[in-house]
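See structure below.
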Amino acid sequence: MIEFAWPWLGLIWFLAPLLWWLRRPRQQHFSTLRVAQLLSFEQDAAQQKQSLLRSLLLLLLWSLLIVALCRPQWLGEPVQIRSEAREMVLAVDLSGSMEIADMKIEGEEVNRLDMVKHVVSDFVERRKGDKMGLILFADTAYVQAPITYDLASVKQLLEEAQLRLIGERTAIGDAVALAVKRFRDNEESNKILILLTDGQNTAGYVSPEQAQQLASYYDVKIYAIGVGAEEVIVDSFFGQRKVNPSRDLDEAMLQGLAQATGGEYFRARSTEELEQIYRTLDQYEPVSGDEQLRRPQTELFFWPAGIALGLFGFSLLLAQVRQLWRRSAA
């Protein structure tokens, strides 16, 4: 459905006909000399046709510009959103240690990242009405998905994330600082950062302490989740032995980030524990607010404006070609 944002500007269309009417020659008494002068300059049928086409072209250009000025918009299908906006950013660790296969999904061993994708995808689907974004980090952090109502795109981009895409190390401070940067321009929403990592800060330009100060200043609440089993059985030359694959996890740092910003730290040693954590987050940060229908808008003004510009350029080119043809014929 097409609507105009500023339809009242369409009244400007009548300005051109009005100016033409005001500037047209006034009716006079025709003397013999005047009639003779008019007859001598009378246009033939071809010239009259050319003048008519020129007038129609000018009228079309003027009309297209007025249509563009009224800002036509395409209104899409209504989308349900919440009146109380809640903005969440998921920050997911892609460092090399996330490849450790110490998790299970339905009895099958998987690595930590695959387990996170499995659980977080369901969480994203349940957040209908909230805005979400996605940050991926390793040696550095970058925005994979901006904060948006398009949860399907956030879910898809998370599924497409690959290990070692941006290095082997872990820039937790950079991830938190980047999330704060995405939040800081909006003062009216609940700003939630869900940080998933299995290590400690070993890279980046922003320390966890600096990131914590930024998050506290801009009222960003951090829910930190430490991922990884605490005990697995491995085969060695001397037989089987128990090891802790999460020995590098800096729980003290993650607890500090969460507590300083009003959030909470969780420990996910298994798929079931991570699923329970996200159910807890649903209770802590429920999808709230009355549903409202909003229709996404797509601007269309550039179409009439572009057509008008193209016709104007074509008419100038045609006039130049006609002038050159007349000179060559003479």
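Ligands are numbered from 1 in the order shown, chains are lettered A, B, ... in the order of the structure tokens, and residues start at 1 in each chain.
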
Inset, instruction - Just the residues within 9 Å of range 266-278 of chain A, please, counting only C-alpha atoms, with nothing from its chain fewer than 3 positions along; format it as a list in words. - result: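 Result of the neighbour search: Asp102, Met103, Lys104, Ile105, Met115, Val116, His118, Val119, Val120, Phe123, Tyr223, Ala224, Ile225, Gly226, Val227, Gly228, Ala229, Glu230, Glu251, Gln255, Leu281, Asp282 and Gln283 of chain A.
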
Using N, CA and C atoms, can you export the residues from the last selection as a PDB file, in the first residue's frame?
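The resulting again-v8.pdb:
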ATOM      1  N   ASP A 102      33.143 -30.607  24.708  1.00  0.00           N
ATOM      2  CA  ASP A 102      32.821 -31.113  26.045  1.00  0.00           C
ATOM      3  C   ASP A 102      31.338 -30.929  26.369  1.00  0.00           C
ATOM      4  N   MET A 103      30.514 -30.753  25.343  1.00  0.00           N
ATOM      5  CA  MET A 103      29.074 -30.597  25.512  1.00  0.00           C
ATOM      6  C   MET A 103      28.345 -31.715  24.763  1.00  0.00           C
ATOM      7  N   LYS A 104      27.076 -31.917  25.131  1.00  0.00           N
ATOM      8  CA  LYS A 104      26.273 -32.940  24.475  1.00  0.00           C
ATOM      9  C   LYS A 104      24.896 -32.378  24.140  1.00  0.00           C
ATOM     10  N   ILE A 105      24.409 -32.744  22.951  1.00  0.00           N
ATOM     11  CA  ILE A 105      23.045 -32.429  22.531  1.00  0.00           C
ATOM     12  C   ILE A 105      22.375 -33.736  22.147  1.00  0.00           C
ATOM     13  N   MET A 115      26.765 -25.939  20.787  1.00  0.00           N
ATOM     14  CA  MET A 115      25.806 -25.992  21.887  1.00  0.00           C
ATOM     15  C   MET A 115      25.186 -24.611  22.125  1.00  0.00           C
ATOM     16  N   VAL A 116      26.014 -23.580  22.081  1.00  0.00           N
ATOM     17  CA  VAL A 116      25.504 -22.213  22.260  1.00  0.00           C
ATOM     18  C   VAL A 116      24.506 -21.867  21.164  1.00  0.00           C
ATOM     19  N   HIS A 118      22.631 -23.891  19.487  1.00  0.00           N
ATOM     20  CA  HIS A 118      21.420 -24.688  19.686  1.00  0.00           C
ATOM     21  C   HIS A 118      20.510 -24.057  20.735  1.00  0.00           C
ATOM     22  N   VAL A 119      21.080 -23.626  21.834  1.00  0.00           N
ATOM     23  CA  VAL A 119      20.270 -23.096  22.932  1.00  0.00           C
ATOM     24  C   VAL A 119      19.848 -21.656  22.666  1.00  0.00           C
ATOM     25  N   VAL A 120      20.779 -20.832  22.192  1.00  0.00           N
ATOM     26  CA  VAL A 120      20.486 -19.410  22.013  1.00  0.00           C
ATOM     27  C   VAL A 120      19.463 -19.187  20.898  1.00  0.00           C
ATOM     28  N   PHE A 123      16.152 -19.288  22.389  1.00  0.00           N
ATOM     29  CA  PHE A 123      15.954 -18.089  23.206  1.00  0.00           C
ATOM     30  C   PHE A 123      15.567 -16.899  22.323  1.00  0.00           C
ATOM     31  N   TYR A 223      24.489  -9.752  31.740  1.00  0.00           N
ATOM     32  CA  TYR A 223      24.335 -11.127  32.211  1.00  0.00           C
ATOM     33  C   TYR A 223      25.468 -11.926  31.570  1.00  0.00           C
ATOM     34  N   ALA A 224      26.432 -12.343  32.392  1.00  0.00           N
ATOM     35  CA  ALA A 224      27.605 -13.064  31.894  1.00  0.00           C
ATOM     36  C   ALA A 224      27.416 -14.561  32.106  1.00  0.00           C
ATOM     37  N   ILE A 225      27.789 -15.336  31.092  1.00  0.00           N
ATOM     38  CA  ILE A 225      27.645 -16.788  31.155  1.00  0.00           C
ATOM     39  C   ILE A 225      28.984 -17.438  30.832  1.00  0.00           C
ATOM     40  N   GLY A 226      29.491 -18.182  31.787  1.00  0.00           N
ATOM     41  CA  GLY A 226      30.719 -18.934  31.574  1.00  0.00           C
ATOM     42  C   GLY A 226      30.390 -20.317  31.032  1.00  0.00           C
ATOM     43  N   VAL A 227      30.908 -20.636  29.844  1.00  0.00           N
ATOM     44  CA  VAL A 227      30.554 -21.873  29.144  1.00  0.00           C
ATOM     45  C   VAL A 227      31.702 -22.870  29.240  1.00  0.00           C
ATOM     46  N   GLY A 228      31.371 -24.141  29.478  1.00  0.00           N
ATOM     47  CA  GLY A 228      32.382 -25.195  29.470  1.00  0.00           C
ATOM     48  C   GLY A 228      32.253 -26.146  30.644  1.00  0.00           C
ATOM     49  N   ALA A 229      32.506 -27.410  30.373  1.00  0.00           N
ATOM     50  CA  ALA A 229      32.450 -28.421  31.435  1.00  0.00           C
ATOM     51  C   ALA A 229      33.625 -28.251  32.392  1.00  0.00           C
ATOM     52  N   GLU A 230      33.459 -28.740  33.603  1.00  0.00           N
ATOM     53  CA  GLU A 230      34.524 -28.645  34.595  1.00  0.00           C
ATOM     54  C   GLU A 230      35.316 -29.943  34.716  1.00  0.00           C
ATOM     55  N   GLU A 251      36.260 -16.592  35.992  1.00  0.00           N
ATOM     56  CA  GLU A 251      34.949 -16.379  36.598  1.00  0.00           C
ATOM     57  C   GLU A 251      34.904 -15.114  37.443  1.00  0.00           C
ATOM     58  N   GLN A 255      32.063 -12.328  37.016  1.00  0.00           N
ATOM     59  CA  GLN A 255      31.221 -11.975  38.157  1.00  0.00           C
ATOM     60  C   GLN A 255      31.285 -10.481  38.435  1.00  0.00           C
ATOM     61  N   LEU A 281      16.601 -16.189  32.484  1.00  0.00           N
ATOM     62  CA  LEU A 281      16.658 -14.850  31.893  1.00  0.00           C
ATOM     63  C   LEU A 281      15.290 -14.413  31.387  1.00  0.00           C
ATOM     64  N   ASP A 282      14.502 -15.356  30.880  1.00  0.00           N
ATOM     65  CA  ASP A 282      13.142 -15.022  30.465  1.00  0.00           C
ATOM     66  C   ASP A 282      12.322 -14.512  31.650  1.00  0.00           C
ATOM     67  N   GLN A 283      12.605 -15.053  32.842  1.00  0.00           N
ATOM     68  CA  GLN A 283      11.887 -14.601  34.035  1.00  0.00           C
ATOM     69  C   GLN A 283      12.427 -13.258  34.524  1.00  0.00           C
TER      70      GLN A 283
END

Inset, instruction - Compile the contact shell of range 148-156 of chain A as a list in words: residues with an atom at most 10 Å away, counting only C-alpha atoms, same-chain residues fewer than 5 positions apart removed. - result: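 My list of contacting residues is Val79, Gln80, Ile81, Glu87, Met88, Val89, Leu90, Lys117, Val120, Ser121, Asp122, Phe123, Val124, Glu125, Arg126, Arg127, Lys128, Gly129, Asp130, Lys131, Met132, Gly133, Leu134 and Ala161 of chain A.
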
Legend entry - Residue set, range 48-227 of chain A restricted to alpha helix (DSSP H), as a ChimeraX atom specification: /A:48-69,112-126,151-159,172-183,208-217

Legend entry - Top pick for closest residue to Pro78 in chain A, considering A:Leu22, A:Ala91, A:Met1, A:Ile66 and counting only C-alpha atoms: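 Nearest candidate to Pro78 in chain A out of A:Leu22, A:Ala91, A:Met1, A:Ile66: A:Met1.
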
Inset, instruction - Would you list the contacts of Ile222 in chain A as a PyMOL selection string, taking every protein, DNA or RNA residue within 8 Å and counting only C-alpha atoms, but skipping same-chain residues closer than 3 positions in sequence? - result: chain A and resi 192-195+215+257-258+261-264

Selection file, N, CA and C atoms, as a tab-separated table (two decimals), in the first residue's frame:
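The resulting file, selection29.tsv, is shown below:
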chain	number	residue	atom	x	y	z
A	192	ILE	N	20.20	-4.61	27.71
A	192	ILE	CA	20.66	-5.88	28.26
A	192	ILE	C	21.75	-6.44	27.37
A	193	LEU	N	22.88	-6.81	27.97
A	193	LEU	CA	23.95	-7.51	27.27
A	193	LEU	C	24.08	-8.91	27.84
A	194	ILE	N	23.99	-9.91	26.98
A	194	ILE	CA	24.19	-11.30	27.38
A	194	ILE	C	25.53	-11.75	26.80
A	195	LEU	N	26.49	-11.96	27.67
A	195	LEU	CA	27.87	-12.24	27.28
A	195	LEU	C	28.17	-13.72	27.49
A	215	ALA	N	29.88	0.35	30.85
A	215	ALA	CA	28.56	-0.26	30.98
A	215	ALA	C	27.79	0.34	32.15
A	257	LEU	N	31.90	-8.05	36.26
A	257	LEU	CA	31.14	-7.35	35.22
A	257	LEU	C	29.64	-7.38	35.51
A	258	ALA	N	29.16	-8.55	35.89
A	258	ALA	CA	27.72	-8.70	36.13
A	258	ALA	C	27.27	-7.93	37.37
A	261	THR	N	27.07	-4.04	37.16
A	261	THR	CA	26.08	-3.46	36.26
A	261	THR	C	24.65	-3.88	36.61
A	262	GLY	N	24.48	-4.56	37.74
A	262	GLY	CA	23.14	-4.97	38.15
A	262	GLY	C	22.67	-6.25	37.51
A	263	GLY	N	23.56	-6.98	36.87
A	263	GLY	CA	23.20	-8.24	36.23
A	263	GLY	C	23.51	-9.43	37.11
A	264	GLU	N	23.86	-10.54	36.49
A	264	GLU	CA	24.16	-11.75	37.23
A	264	GLU	C	25.09	-12.63	36.41

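Here CA of Gly204 in chain A stands at a distance of 11.9 Å from CA of Glu168 in chain A.
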
Inset, instruction - Find, counting only C-alpha atoms, the residue in A:Pro286, A:Gly310, A:Gly173, A:Gly10 that gets nearest to Ser63 in chain A. - result: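 Looking only at the distances to Ser63 in chain A, the closest residue turns out to be A:Gly10.
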
Inset, instruction - Determine which residues of range 74-315 of chain A DSSP labels as strand (DSSP E or B) from the backbone of this structure, then write them out as a PyMOL selection string. - result: chain A and resi 74-75+79-82+86-93+103-105+108-110+131-137+141-148+190-197+221-227+232-236+239-243+264-268+291-294+297-299

Inset, instruction - Compare A:Pro304, A:Pro208, A:Pro17, A:Pro7 by their minimum atom-to-atom distance to Thr170 in chain A, counting only C-alpha atoms, and give me the closest one. - result: A:Pro208

Inset, instruction - Write out as a list in words which residues come within 10 Å of Phe312 in chain A when counting only C-alpha atoms, dropping same-chain ones fewer than 6 positions away. - result: Leu57, Leu58, Leu61, Gly306 and Leu318 of chain A

Inset, instruction - Can you work out the spacing between CA of Ser246 in chain A and CA of Ala101 in chain A in Å, to one decimal? - result: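 Between CA of Ser246 in chain A and CA of Ala101 in chain A the gap works out to 11.7 Å.
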
Legend entry - d(CA of Lys49 in chain A, CA of Ala68 in chain A) in Å: 28.7 Å
